[in-house]
Every structure is written in C-alpha cells, then in structure tokens.
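Listing of upload32.txt; format and content: compact mmCIF, C-alpha atoms.
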# COMPACT_ATOMS: atom_id res chain seq x y z
CA MET A 1118 155.72 54.49 126.31
CA ILE A 1119 155.50 52.00 123.43
CA ALA A 1120 153.07 53.12 120.71
CA ILE A 1121 152.00 49.66 119.54
CA GLN A 1122 152.81 46.53 121.52
CA VAL A 1123 151.63 43.26 119.99
CA ASN A 1124 151.96 40.08 121.97
CA SER A 1125 151.28 36.59 120.51
CA LEU A 1126 148.48 37.91 118.35
CA SER A 1127 146.57 35.39 116.22
CA LYS A 1128 143.58 35.66 113.95
CA ALA A 1129 141.56 32.84 112.42
CA TYR A 1130 138.30 32.64 110.54
CA GLY A 1131 136.94 29.28 111.61
CA PHE A 1132 139.68 26.76 110.92
CA TYR A 1133 141.48 29.09 108.54
CA ARG A 1134 144.39 30.78 110.31
CA ILE A 1135 145.24 34.19 108.88
CA PHE A 1136 148.29 34.70 111.08
CA GLU A 1137 149.51 33.38 114.38
CA ASP A 1138 151.70 34.34 117.26
CA LEU A 1139 152.67 37.78 115.99
CA SER A 1140 154.74 39.82 118.44
CA PHE A 1141 156.34 43.17 117.79
CA ASP A 1142 156.70 46.66 119.26
CA ILE A 1143 156.55 50.01 117.50
CA HIS A 1144 157.81 53.13 119.26
CA PRO A 1145 156.68 56.75 118.96
CA GLY A 1146 158.40 58.46 116.06
CA GLU A 1147 158.54 55.26 113.99
CA CYS A 1148 156.91 54.60 110.65
CA PHE A 1149 156.32 50.88 110.25
CA ALA A 1150 155.57 49.56 106.76
CA LEU A 1151 153.92 46.14 106.52
CA PHE A 1152 154.45 44.29 103.27
CA GLY A 1153 153.18 40.96 102.09
CA PRO A 1154 151.32 39.19 99.27
CA ASN A 1155 147.58 39.47 98.74
CA GLY A 1156 145.63 37.57 101.38
CA ALA A 1157 148.53 37.51 103.82
CA GLY A 1158 146.43 39.29 106.46
CA LYS A 1159 147.92 42.80 106.31
CA THR A 1160 144.56 44.56 106.29
CA THR A 1161 143.19 42.19 108.94
CA LEU A 1162 146.10 43.08 111.22
CA LEU A 1163 145.57 46.79 110.52
CA ARG A 1164 141.84 46.48 111.26
CA ILE A 1165 142.61 44.73 114.55
CA LEU A 1166 144.94 47.57 115.52
CA ALA A 1167 142.19 50.01 114.50
CA THR A 1168 139.81 48.19 116.93
CA LEU A 1169 137.47 47.23 114.08
CA GLN A 1170 138.12 43.50 114.53
CA THR A 1171 139.06 41.45 117.54
CA PRO A 1172 141.97 39.00 117.56
CA SER A 1173 141.31 35.29 118.04
CA SER A 1174 144.00 35.20 120.71
CA GLY A 1175 146.83 37.31 122.06
CA GLN A 1176 146.88 40.93 123.20
CA PHE A 1177 147.86 44.30 121.85
CA THR A 1178 148.13 47.72 123.41
CA ILE A 1179 148.11 51.17 121.85
CA PHE A 1180 150.00 53.70 124.00
CA GLY A 1181 149.57 51.35 126.95
CA GLN A 1182 145.80 50.93 126.54
CA ASP A 1183 144.46 47.44 125.87
CA GLY A 1184 143.14 47.28 122.31
CA VAL A 1185 140.19 45.05 123.20
CA ALA A 1186 139.20 46.06 126.72
CA GLN A 1187 139.89 49.80 126.37
CA LYS A 1188 138.70 50.42 122.83
CA ASP A 1189 137.30 53.88 123.54
CA ALA A 1190 140.57 55.14 124.99
CA VAL A 1191 142.49 53.63 122.05
CA ARG A 1192 140.13 55.24 119.54
CA GLU A 1193 140.94 58.70 120.88
CA THR A 1194 144.55 58.26 119.80
CA ILE A 1195 144.19 56.69 116.34
CA MET A 1196 143.06 57.61 112.88
CA LEU A 1197 142.54 55.09 110.09
CA ILE A 1198 142.82 55.93 106.42
CA ALA A 1199 141.49 52.85 104.67
CA HIS A 1200 140.26 51.66 101.25
CA GLY A 1201 136.78 53.01 102.00
CA SER A 1202 137.04 56.77 102.22
CA HIS A 1203 134.62 57.09 105.18
CA LEU A 1204 133.05 60.02 103.30
CA TYR A 1205 129.37 60.75 102.74
CA ASP A 1206 128.53 61.21 99.07
CA GLU A 1207 125.83 63.81 99.63
CA LEU A 1208 127.95 66.07 101.83
CA SER A 1209 130.52 68.53 100.52
CA ALA A 1210 134.23 68.33 101.32
CA THR A 1211 133.97 70.83 104.20
CA GLU A 1212 130.80 69.22 105.55
CA ASN A 1213 132.54 65.84 105.56
CA LEU A 1214 135.47 67.35 107.43
CA GLN A 1215 133.13 68.99 109.95
CA PHE A 1216 131.29 65.72 110.54
CA ALA A 1217 134.36 63.47 110.75
CA LEU A 1218 136.18 65.81 113.12
CA GLY A 1219 132.99 66.58 115.05
CA LEU A 1220 132.76 62.88 115.89
CA ARG A 1221 136.31 63.13 117.22
CA GLY A 1222 135.26 66.01 119.45
CA GLN A 1223 137.09 68.58 117.31
CA SER A 1224 135.62 71.65 115.67
CA PRO A 1225 138.04 73.20 113.16
CA SER A 1226 137.26 76.74 112.02
CA PRO A 1227 136.37 77.38 108.35
CA PRO A 1228 139.79 79.03 107.67
CA GLN A 1229 141.56 75.99 109.18
CA MET A 1230 139.56 73.67 106.94
CA LYS A 1231 140.22 75.83 103.91
CA ARG A 1232 143.97 75.81 104.63
CA ALA A 1233 143.96 72.02 104.99
CA LEU A 1234 142.01 71.58 101.75
CA ASP A 1235 144.29 74.03 99.94
CA ARG A 1236 147.31 72.12 101.13
CA THR A 1237 145.92 68.84 99.84
CA GLY A 1238 145.24 70.43 96.46
CA ILE A 1239 141.43 70.33 96.60
CA GLY A 1240 140.86 73.84 97.94
CA ALA A 1241 138.89 74.72 94.81
CA PHE A 1242 136.35 71.99 95.51
CA THR A 1243 135.32 72.75 99.09
CA ASP A 1244 131.61 72.91 98.27
CA LEU A 1245 131.53 70.08 95.77
CA LYS A 1246 129.63 66.97 96.86
CA ILE A 1247 131.76 63.88 97.39
CA ARG A 1248 129.86 61.86 94.79
CA GLN A 1249 131.48 64.15 92.23
CA PHE A 1250 134.97 63.49 93.62
CA SER A 1251 137.44 61.11 91.97
CA ALA A 1252 139.15 58.39 94.03
CA GLY A 1253 142.31 60.51 94.23
CA MET A 1254 140.37 63.56 95.45
CA LYS A 1255 138.71 61.44 98.14
CA LYS A 1256 142.12 60.26 99.24
CA ARG A 1257 143.32 63.87 99.44
CA LEU A 1258 140.30 64.75 101.57
CA ASP A 1259 141.32 61.93 103.90
CA LEU A 1260 144.75 63.58 104.11
CA ALA A 1261 143.05 66.86 105.03
CA LYS A 1262 141.49 65.00 107.98
CA VAL A 1263 144.98 63.97 109.08
CA ILE A 1264 146.24 67.57 108.84
CA LEU A 1265 143.39 68.84 111.01
CA SER A 1266 143.17 65.93 113.43
CA GLN A 1267 146.90 65.29 114.04
CA PRO A 1268 146.41 61.80 115.51
CA GLN A 1269 148.99 60.19 117.75
CA LEU A 1270 148.82 56.98 115.74
CA LEU A 1271 148.11 57.05 112.02
CA LEU A 1272 146.98 53.75 110.49
CA LEU A 1273 147.22 53.67 106.70
CA ASP A 1274 145.90 50.91 104.45
CA GLU A 1275 147.51 51.12 101.01
CA PRO A 1276 147.99 54.89 101.36
CA TYR A 1277 149.40 55.45 97.86
CA ASN A 1278 146.50 53.89 95.95
CA ALA A 1279 144.71 56.29 93.59
CA LEU A 1280 147.21 59.09 94.24
CA ASP A 1281 149.26 60.86 91.61
CA HIS A 1282 152.91 61.84 92.07
CA SER A 1283 152.14 64.98 94.09
CA GLY A 1284 149.61 63.06 96.21
CA VAL A 1285 152.25 60.49 97.08
CA ALA A 1286 154.69 63.25 97.99
CA LEU A 1287 152.05 64.92 100.16
CA THR A 1288 151.29 61.60 101.89
CA ASN A 1289 154.95 61.07 102.74
CA GLN A 1290 155.22 64.70 103.87
CA LEU A 1291 152.30 64.24 106.28
CA ILE A 1292 153.78 61.00 107.55
CA GLN A 1293 157.06 62.82 108.20
CA GLU A 1294 155.22 65.61 110.05
CA THR A 1295 153.42 63.02 112.16
CA LEU A 1296 156.75 61.44 113.08
CA ASP A 1297 158.34 64.85 113.76
CA ARG A 1298 155.74 65.67 116.37
CA GLY A 1299 156.31 62.33 118.08
CA GLY A 1300 153.45 60.47 116.42
CA THR A 1301 153.57 56.95 115.03
CA VAL A 1302 152.58 55.57 111.64
CA PHE A 1303 151.65 52.00 110.73
CA MET A 1304 150.97 51.30 107.07
CA THR A 1305 150.23 48.32 104.89
CA THR A 1306 151.36 48.58 101.31
CA HIS A 1307 152.45 46.77 98.19
CA ASP A 1308 154.32 49.80 97.02
CA ARG A 1309 157.76 49.16 98.35
CA ASP A 1310 159.50 51.97 96.46
CA LYS A 1311 157.22 54.67 97.85
CA ALA A 1312 157.04 53.21 101.34
CA THR A 1313 160.77 52.80 101.75
CA GLN A 1314 161.23 56.54 101.13
CA ILE A 1315 159.58 57.21 104.48
CA ALA A 1316 159.38 54.01 106.55
CA THR A 1317 161.85 53.64 109.40
CA ARG A 1318 161.14 49.96 109.95
CA GLY A 1319 159.04 47.25 108.41
CA GLY A 1320 157.88 43.70 108.24
CA ILE A 1321 156.79 41.08 105.75
CA LEU A 1322 153.66 39.13 106.61
CA GLN A 1323 153.60 35.88 104.74
CA GLY A 1324 152.27 32.40 105.49
CA GLY A 1325 150.83 33.64 108.77
CA HIS A 1326 154.18 34.76 110.12
CA LEU A 1327 155.84 38.15 110.39
CA GLN A 1328 159.44 38.72 109.45
CA LEU A 1329 160.65 42.01 110.91
CA ILE A 1330 163.07 44.04 108.80
CA SER A 1331 165.35 46.83 109.82
CA THR A 1332 165.78 50.27 108.28
CA GLU A 1333 168.84 49.07 106.37
CA GLN A 1334 167.11 45.93 105.12
CA LEU A 1335 164.15 47.96 103.83
CA THR A 1336 166.24 49.14 100.93
CA THR A 1337 167.80 45.73 100.25
CA ASP A 1338 166.33 43.87 97.32
CA ALA A 1339 167.26 40.47 98.66
CA ILE A 1340 164.81 40.64 101.51
CA PHE A 1341 161.79 40.98 99.22
CA MET B 605 129.16 68.36 125.98
CA PRO B 606 130.51 65.81 123.44
CA PHE B 607 127.45 63.58 124.01
CA PHE B 608 124.91 66.17 122.84
CA LYS B 609 127.22 67.49 120.14
CA THR B 610 127.46 63.96 118.72
CA ILE B 611 123.67 63.65 118.64
CA ARG B 612 123.49 66.99 116.85
CA TRP B 613 126.15 65.98 114.29
CA VAL B 614 124.41 62.69 113.44
CA VAL B 615 120.99 64.35 113.08
CA TRP B 616 122.50 67.15 111.00
CA LYS B 617 124.27 64.69 108.70
CA ASP B 618 121.18 62.49 108.20
CA LEU B 619 118.84 65.43 107.60
CA ILE B 620 121.15 67.20 105.18
CA SER B 621 121.79 63.97 103.22
CA GLU B 622 118.06 63.28 103.02
CA TRP B 623 117.25 66.86 102.05
CA ARG B 624 119.65 66.56 99.10
CA THR B 625 118.56 63.13 97.86
CA ARG B 626 114.98 62.89 99.15
CA GLU B 627 115.58 59.16 98.70
CA THR B 628 114.06 57.89 101.95
CA MET B 629 111.14 60.28 102.20
CA SER B 630 110.06 59.81 98.59
CA SER B 631 110.09 55.98 98.92
CA MET B 632 108.13 56.22 102.15
CA LEU B 633 105.56 58.62 100.70
CA PHE B 634 105.14 56.59 97.51
CA PHE B 635 104.54 53.37 99.44
CA ALA B 636 102.10 55.01 101.85
CA LEU B 637 100.13 56.61 99.03
CA ILE B 638 99.66 53.21 97.40
CA VAL B 639 98.44 51.74 100.71
CA ILE B 640 95.95 54.59 101.18
CA LEU B 641 94.65 54.26 97.64
CA VAL B 642 94.28 50.47 97.80
CA PHE B 643 92.44 50.56 101.14
CA SER B 644 90.36 53.51 100.02
CA PHE B 645 89.11 51.63 96.95
CA SER B 646 88.60 48.41 98.95
CA PHE B 647 86.25 50.18 101.35
CA SER B 648 84.66 52.63 98.93
CA MET B 649 81.34 50.76 99.06
CA ASP B 650 81.22 50.48 102.83
CA GLN B 651 82.22 53.67 104.68
CA ASP B 652 80.97 52.32 108.03
CA ALA B 653 83.28 49.33 107.81
CA ALA B 654 86.10 51.66 106.82
CA ARG B 655 85.55 53.82 109.90
CA GLN B 656 85.69 50.74 112.12
CA LEU B 657 88.99 49.67 110.62
CA ILE B 658 90.62 53.02 109.91
CA ALA B 659 92.84 53.07 113.02
CA GLY B 660 94.32 49.71 112.01
CA ILE B 661 94.75 50.83 108.41
CA ILE B 662 96.52 54.01 109.51
CA TRP B 663 99.00 52.13 111.66
CA VAL B 664 99.65 49.40 109.09
CA ALA B 665 100.48 52.16 106.61
CA PHE B 666 102.60 54.12 109.10
CA THR B 667 104.49 51.08 110.39
CA PHE B 668 105.39 49.62 107.01
CA THR B 669 106.26 53.06 105.70
CA GLY B 670 108.47 53.54 108.75
CA ILE B 671 110.23 50.23 108.08
CA ILE B 672 111.26 51.53 104.65
CA GLY B 673 112.86 54.56 106.30
CA LEU B 674 114.45 52.55 109.08
CA GLY B 675 115.96 50.13 106.55
CA LYS B 676 117.74 52.99 104.82
CA SER B 677 119.00 54.50 108.06
CA PHE B 678 122.08 52.29 108.29
CA THR B 679 122.42 51.07 104.71
CA SER B 680 123.44 54.64 103.89
CA GLU B 681 126.36 54.12 106.28
CA LEU B 682 127.68 51.23 104.16
CA GLN B 683 128.57 53.67 101.38
CA ASN B 684 132.36 54.28 101.42
CA ASP B 685 132.55 52.20 104.65
CA CYS B 686 131.17 55.09 106.70
CA LEU B 687 129.90 52.60 109.28
CA GLU B 688 133.56 51.99 110.20
CA SER B 689 134.07 55.65 111.00
CA LEU B 690 131.04 55.55 113.31
CA GLN B 691 132.45 52.43 114.99
CA MET B 692 135.86 54.02 115.40
CA SER B 693 134.72 57.42 116.58
CA PRO B 694 135.80 58.02 120.19
CA VAL B 695 132.36 59.20 121.29
CA PRO B 696 129.68 57.45 123.35
CA LYS B 697 127.90 55.10 120.95
CA GLY B 698 124.63 55.85 122.72
CA ALA B 699 124.88 59.39 121.35
CA ILE B 700 125.14 58.02 117.80
CA TYR B 701 122.09 55.85 118.53
CA LEU B 702 120.06 58.80 119.84
CA GLY B 703 121.07 60.87 116.81
CA LYS B 704 119.88 58.12 114.48
CA VAL B 705 116.64 57.68 116.46
CA THR B 706 115.97 61.43 116.27
CA ALA B 707 116.56 61.53 112.50
CA ASN B 708 114.38 58.44 111.91
CA PHE B 709 111.68 59.83 114.18
CA LEU B 710 111.66 63.12 112.25
CA PHE B 711 111.43 61.33 108.88
CA MET B 712 108.60 59.07 110.07
CA LEU B 713 106.63 61.80 111.82
CA SER B 714 106.95 64.13 108.80
CA VAL B 715 105.58 61.44 106.50
CA GLU B 716 102.74 60.71 108.94
CA ILE B 717 101.80 64.38 109.17
CA LEU B 718 101.81 64.64 105.37
CA LEU B 719 99.74 61.47 104.95
CA PHE B 720 97.14 61.88 107.65
CA PRO B 721 95.16 64.56 105.76
CA LEU B 722 94.85 62.05 102.91
CA PHE B 723 93.33 59.50 105.29
CA VAL B 724 90.89 62.18 106.46
CA LEU B 725 90.02 63.00 102.86
CA PHE B 726 89.73 59.49 101.46
CA PHE B 727 87.90 58.02 104.46
CA ASN B 728 85.79 61.08 105.24
CA LEU B 729 86.98 61.31 108.86
CA ASP B 730 85.85 63.93 111.33
CA VAL B 731 89.03 64.69 113.28
CA ILE B 732 88.78 68.38 114.23
CA GLU B 733 88.32 67.74 117.94
CA ALA B 734 90.78 64.85 118.10
CA VAL B 735 93.74 66.46 116.30
CA GLY B 736 95.66 67.28 119.50
CA THR B 737 95.23 63.79 120.94
CA LEU B 738 96.07 62.16 117.62
CA LEU B 739 99.31 64.15 117.38
CA ILE B 740 100.30 62.92 120.86
CA ILE B 741 99.52 59.33 119.83
CA PHE B 742 101.49 59.69 116.58
CA PHE B 743 104.40 61.23 118.50
CA LEU B 744 104.55 58.45 121.11
CA ALA B 745 104.00 55.52 118.76
CA THR B 746 106.49 56.85 116.21
CA LEU B 747 109.07 57.34 118.95
CA GLY B 748 108.62 53.72 120.07
CA LEU B 749 108.88 52.41 116.51
CA SER B 750 111.98 54.47 115.72
CA ALA B 751 113.64 53.55 119.05
CA VAL B 752 113.40 49.81 118.47
CA GLY B 753 113.62 50.09 114.66
CA THR B 754 116.91 51.98 114.75
CA LEU B 755 118.46 49.23 116.86
CA PHE B 756 117.29 46.51 114.47
CA SER B 757 118.37 48.56 111.48
CA ALA B 758 121.90 48.60 112.95
CA LEU B 759 121.66 44.89 113.79
CA THR B 760 120.66 43.82 110.27
CA VAL B 761 122.74 46.22 108.21
CA GLN B 762 125.63 43.79 107.76
CA ILE B 763 123.33 40.85 106.90
CA ARG B 764 122.96 40.03 103.22
CA ALA B 765 119.15 39.60 103.45
CA ARG B 766 118.71 42.74 105.54
CA GLU B 767 115.60 43.93 103.65
CA VAL B 768 113.84 40.72 104.72
CA MET B 769 115.36 40.41 108.18
CA LEU B 770 114.50 43.93 109.38
CA PRO B 771 110.70 43.50 109.26
CA VAL B 772 110.95 39.87 110.39
CA LEU B 773 112.84 40.88 113.54
CA LEU B 774 111.21 44.25 114.12
CA LEU B 775 107.51 43.52 113.69
CA PRO B 776 107.11 41.05 116.59
CA LEU B 777 108.63 43.64 118.93
CA ALA B 778 106.66 46.48 117.38
CA VAL B 779 103.32 44.66 117.82
CA PRO B 780 102.69 46.01 121.36
CA VAL B 781 103.32 49.56 120.14
CA MET B 782 101.07 49.00 117.13
CA ILE B 783 98.23 47.56 119.25
CA ALA B 784 98.43 50.43 121.74
CA ALA B 785 98.57 52.97 118.90
CA VAL B 786 95.59 51.39 117.10
CA GLU B 787 93.45 51.29 120.26
CA ALA B 788 94.30 54.86 121.24
CA THR B 789 93.74 56.13 117.68
CA ARG B 790 90.39 54.30 117.48
CA GLY B 791 89.27 55.88 120.76
CA ALA B 792 90.30 59.36 119.62
CA LEU B 793 88.67 59.01 116.19
CA ASN B 794 85.42 57.65 117.73
CA GLY B 795 85.27 60.68 120.01
CA ASP B 796 85.41 58.53 123.16
CA PRO B 797 86.21 60.27 126.47
CA PHE B 798 89.99 60.39 127.02
CA SER B 799 89.72 58.18 130.13
CA PHE B 800 88.35 55.34 127.93
CA TYR B 801 91.60 54.96 126.02
CA SER B 802 94.19 56.77 128.16
CA GLN B 803 95.60 53.42 129.35
CA TRP B 804 96.82 52.77 125.79
CA ILE B 805 98.64 56.11 125.77
CA HIS B 806 100.24 55.25 129.12
CA LEU B 807 101.28 51.95 127.61
CA LEU B 808 102.90 53.78 124.69
CA VAL B 809 104.89 55.92 127.14
CA ILE B 810 106.06 52.79 128.97
CA PHE B 811 107.08 51.06 125.72
CA ASP B 812 108.94 54.18 124.60
CA ILE B 813 110.94 54.30 127.82
CA ILE B 814 111.72 50.56 127.80
CA PHE B 815 112.63 50.41 124.12
CA THR B 816 114.79 53.53 124.24
CA VAL B 817 116.69 52.57 127.40
CA VAL B 818 117.31 48.95 126.35
CA SER B 819 118.24 49.88 122.76
CA PHE B 820 120.52 52.69 123.99
CA TRP B 821 122.36 50.16 126.16
CA LEU B 822 122.56 47.45 123.47
CA PHE B 823 123.58 49.72 120.61
CA GLU B 824 127.27 49.84 121.52
CA PHE B 825 127.55 46.03 121.45
CA ILE B 826 125.72 45.84 118.12
CA LEU B 827 127.80 48.56 116.49
CA ASP B 828 131.02 46.95 117.68
CA SER B 829 130.05 43.39 116.76
What does this structure look like when you write it as structure tokens?
Amino acid sequence: MIAIQVNSLSKAYGFYRIFEDLSFDIHPGECFALFGPNGAGKTTLLRILATLQTPSSGQFTIFGQDGVAQKDAVRETIMLIAHGSHLYDELSATENLQFALGLRGQSPSPPQMKRALDRTGIGAFTDLKIRQFSAGMKKRLDLAKVILSQPQLLLLDEPYNALDHSGVALTNQLIQETLDRGGTVFMTTHDRDKATQIATRGGILQGGHLQLISTEQLTTDAIF
Amino acid sequence: MPFFKTIRWVVWKDLISEWRTRETMSSMLFFALIVILVFSFSFSMDQDAARQLIAGIIWVAFTFTGIIGLGKSFTSELQNDCLESLQMSPVPKGAIYLGKVTANFLFMLSVEILLFPLFVLFFNLDVIEAVGTLLIIFFLATLGLSAVGTLFSALTVQIRAREVMLPVLLLPLAVPVMIAAVEATRGALNGDPFSFYSQWIHLLVIFDIIFTVVSFWLFEFILDS
C-alpha cells in the first residue's frame, strides 16, 4: 500500500495560488525531504497532509484512507512534529508525554517514559515544567513522543531547528528507526546537508510546482 | 473506553494547569468581588430594593465571571500550538468537548460556591432553608452556561477580537438560562413553595440537554474548521 498518494493537489488563499496540480507517491520505508524557498508552500503542504488544512482541489490518501473524508482514520497513523511544540507550559515533561500519548489512546508506563526521555538527553528534567525548557529541550521532548508513539507516518516541519549536533544525530537516528520498521517520513527543511544524510527521495517546491528528485540527485549540487 | 479516558485526560490537564497558575480562578474571583462590592455599596441605603434585585445581581456576577473563565479555556490551547494537537488527536472530538465543559463547569461552580457566602453577608440574606435548592439551581445554570460557553470559546479562539466576540455571541444564547436561573433563585430566596418556581428549574434542565447535545455535535466541525 502506498503511504502518501497525492493527486492533482492545489491550494489557494483567495486568488493567491500557493501550489497547483501536485502529484506524487511516497512508499512505506521512504524518507521524503521537501525543499524550497520561504513562502513556497512547504508547511502548507505538510499541514494538509497532517489533516490540519484542506486542499482547494485535488485528493490525497494516507495509507489508502482519504485525507479529507477519513480524517480520523488518517490521524491514527500520523504524528506531526511542527514549529509549535504542542506542549503545555504548566505541565512537566512526563505529564506532557502522558497527555499527548493519552490522546492517542496510548498509556506508556513510567519506566518507558523515563527510558525515552533518557534517550533524548532530557532524562534529568522529567519533572521540570515546560516553561523552563529551552527550544532545543522542547524539540527533544517531541522526539520522545516519537520514540513512545512509533507512528506509521512521521511528518516533520523543519526538524533540525533549535537542535544541537547530538540532537540532529538523534533525529536522523529516529527517522532511520521509523524507516527500518516500515514507517514513512515526510519532512520539510531548508537544511539540505542534514536532510540528505537520511532522505531517500525528495522534491523542490518552487513557484507553485514540485520538482521531484531522486536519491542520487539529492546529493548533487546542480539541482539546488 | 477511549471516549471516557479522553474526557479524563482533558479535565486532568486543565485542572492541573489551573492549580499551578491559578490564572483563571484568580481573574474570575477578582472580577466577581468587584461586582459584589459595587452592587453592595449601590444598595447600602435600600436593603429592601437589594433583596428584590439580588437574584439578578447574583446571576449577572456569575455569568460575567464565567465568561472570563470560558474565554481562557481555549486561549490556553494557543500556547505552543496545542490546539493543533487537539485537532489532530485520533479521538472523538466530543470527548474533548465534554472534558472542556467539565473543567469549565468545575471552575465556574467553585467560584460561585466561594462567592455566594459574600452575597449572603453583604446583602444580609436568609438562605439557610434554601441552600439545597440554590445549589441545584447553581449546578443546572452553570452547566448550561459552560455547555454553550465552551462551544463559543472554541469558535472564537482563532478570531483576533475573541475577547469581544465571546460575550457578544454567547450572551444572546445564554439569556434563557440566565432568566430561568434568576427566576428560580428569586423564588428560592423569597422562600416561595417549590411548585411556584419549579417550572424554571425544569426549563434549566431542558436548556442543559439541548445546549449540551447540540454543542457536542457541532464541536467537531468547529475544532476542524
């Protein structure tokens, strides 16, 4: 089954067309990196795939489920790590994990949460409230959610922002683990060097159109 | 059952956040105290007039205090884009709505229970025999206000002028609840026989059912829009 199937997808705000007639497929086990200049519509496309926005026209399916008509089924398979951390400032790291995973119908045990937090390097801050976390620590807590949730489709919006060298390595490690267990990753990024270390395929969104690039082309300077 | 677990998670999260900040409750209490003091001084020369109007004063104070709490219910979800995670969660959205209603109801009812003794004190009310009935009225009217208020809080949260739009949209719909609550409270405070004002309590029950069912059904569309 195809993980993401996009067919003639367009998005416009009023008369302003963000992108039009996008069509592409992404298969399980693939990591797709979407590049493009600011304002090209990368995040808009990601938010549509995350079921947070609806396309102006066209269709898309996630693991065979229609992204507009079967949102609830799609949402069971995806996890979005976006600019906003989706974390509550007044809750601690473990409380945030409990709440986020509770809303996904999961209930990780305290040792499981501790292991995930240790792995992301914030195991010493389990009881610290999020308002005392730095941007990088919040990002690492998001990664802990991925470790515990193990989504089928991981959607990442600028995943390397705010992360130090070890955070970037951990992100790519988790992406690789997702791919190894047959999951799929779709990311938007400006950071070509870091993304090309892990991406298996990619695309450049520019001027409302998507140019697909192969694994070999990802490492070719001429294409960018 | 994921439905009831979701309700429990949302209530837990809202209560724990409020317990740590006391942001909503303190704003609500501060506003209500000012209302009580202002009305108390306005009617200090005429206690009879005050007793005639006290039911209305109580519900004006409770409703506007409640609106402060309802306004904060979803604005807290804008922090770190948490609203997105609620939208994306693969759980019945009605469960999220009921969790929010429960949390709002608990905040509003707690404030009302804390404030009512001040009304008794400042307006010299004799409420010993009516306490049970008044608690039922407070419970039903607060449930109605939080049921419809939670929906409008979600509806206005993404609007720039949400602080203005919430009362503008909510109050016309809350008027029937307020009228029924005022009439029932007046009857209870006057010591009237229950049968004299029971129709207003029945009306509150009907409004609660209608508001909760309709809002429960509409919430998913509002959260996803």
What are the closest atom pairs, with distances in Å to one decimal, for each residue of chain B lying within 7 Å of chain A, using all atoms listed in the file, rows by chain and rising residue number, as a Markdown table?
| residue | atom | partner | partner_atom | distance |
| --- | --- | --- | --- | --- |
| B:Pro606 | CA | A:Gly1222 | CA | 6.2 |
| B:Thr610 | CA | A:Leu1220 | CA | 6.1 |
| B:Trp613 | CA | A:Phe1216 | CA | 6.4 |
| B:Ser621 | CA | A:Glu1207 | CA | 5.4 |
| B:Arg624 | CA | A:Glu1207 | CA | 6.8 |
| B:Asn684 | CA | A:Gly1201 | CA | 4.6 |
| B:Asp685 | CA | A:Gly1201 | CA | 5.1 |
| B:Cys686 | CA | A:His1203 | CA | 4.3 |
| B:Ser689 | CA | A:His1203 | CA | 6.0 |
| B:Met692 | CA | A:Arg1192 | CA | 6.1 |
| B:Ser693 | CA | A:Leu1220 | CA | 5.8 |
| B:Pro694 | CA | A:Arg1192 | CA | 5.2 |
| B:Val695 | CA | A:Leu1220 | CA | 6.5 |
Next item on the list: Find the distance between atom CA of Leu682 of chain B and atom CA of Ala1157 of chain A and write it in Å to one decimal.
Entry: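 Spanning atom CA of Leu682 of chain B to atom CA of Ala1157 of chain A is a straight-line distance of 25.0 Å.
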Around all of segment 1167-1179 of chain A's listed atoms, make the axis-aligned box with 3 Å on each side and tell me centre and edge lengths in Å to one decimal, as AutoDock Vina command-line options.
--center_x 142.8 --center_y 43.2 --center_z 118.7 --size_x 16.7 --size_y 22.0 --size_z 15.3
Next item on the list: For Phe811 of chain B, work out the shell of residues within 12 Å, counting only C-alpha atoms and skipping chain neighbours fewer than 4 positions away, then give it as a PyMOL selection string.
Entry: chain B and resi 744-752+777-785+804-807+815-819
Next item on the list: Quick one: pull the distance between atom CA of Ala636 of chain B and atom CA of Thr789 of chain B, Å, one decimal.
Entry: 17.9 Å
Note to self: Can you measure atom CA of Asp652 of chain B to atom CA of Leu738 of chain B for me? One decimal in Å is fine.
What the structure shows: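 Straight-line distance from atom CA of Asp652 of chain B to atom CA of Leu738 of chain B works out to 20.4 Å.
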Note to self: Which residue is closest to Leu1126 of chain A? Choose from A:Gln1267, A:His1326, A:Glu1333, A:Asn1289 and count only C-alpha atoms.
What the structure shows: A:His1326
Notebook entry, point to check: If you count all atoms listed in the file, which residues fall within 9 Å of Pro1145 of chain A, apart from same-chain ones fewer than 5 positions away, as a ChimeraX atom specification?
Noted result: /A:1118-1121,1180,1269-1270,1296,1299-1302
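Using only C-alpha atoms, the nearest neighbour of Ser757 of chain B within the list B:Ile741, B:Ile717, B:Ile814, B:Val772 is B:Val772.
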Contacts of segment 698-702 of chain B at 10 Å (all atoms listed in the file; same-chain gap of 6+ positions) as a CSV table (one decimal) with C-alpha atoms, in the frame of the given file:
chain,number,residue,atom,x,y,z
A,1220,LEU,CA,132.8,62.9,115.9
B,606,PRO,CA,130.5,65.8,123.4
B,607,PHE,CA,127.4,63.6,124.0
B,608,PHE,CA,124.9,66.2,122.8
B,609,LYS,CA,127.2,67.5,120.1
B,610,THR,CA,127.5,64.0,118.7
B,611,ILE,CA,123.7,63.6,118.6
B,612,ARG,CA,123.5,67.0,116.8
B,613,TRP,CA,126.2,66.0,114.3
B,614,VAL,CA,124.4,62.7,113.4
B,615,VAL,CA,121.0,64.4,113.1
B,690,LEU,CA,131.0,55.6,113.3
B,691,GLN,CA,132.4,52.4,115.0
B,708,ASN,CA,114.4,58.4,111.9
B,751,ALA,CA,113.6,53.6,119.0
B,754,THR,CA,116.9,52.0,114.8
B,755,LEU,CA,118.5,49.2,116.9
B,758,ALA,CA,121.9,48.6,113.0
B,816,THR,CA,114.8,53.5,124.2
B,817,VAL,CA,116.7,52.6,127.4
B,819,SER,CA,118.2,49.9,122.8
B,820,PHE,CA,120.5,52.7,124.0
B,821,TRP,CA,122.4,50.2,126.2
B,822,LEU,CA,122.6,47.4,123.5
B,823,PHE,CA,123.6,49.7,120.6
B,824,GLU,CA,127.3,49.8,121.5
B,827,LEU,CA,127.8,48.6,116.5
Next item on the list: Write out as a ChimeraX atom specification each polymer residue whose atoms come within 9 Å of Leu1162 of chain A, counting only C-alpha atoms; drop sequence neighbours fewer than 3 positions from it.
Entry: /A:1128,1136,1158-1159,1165-1167,1170,1172
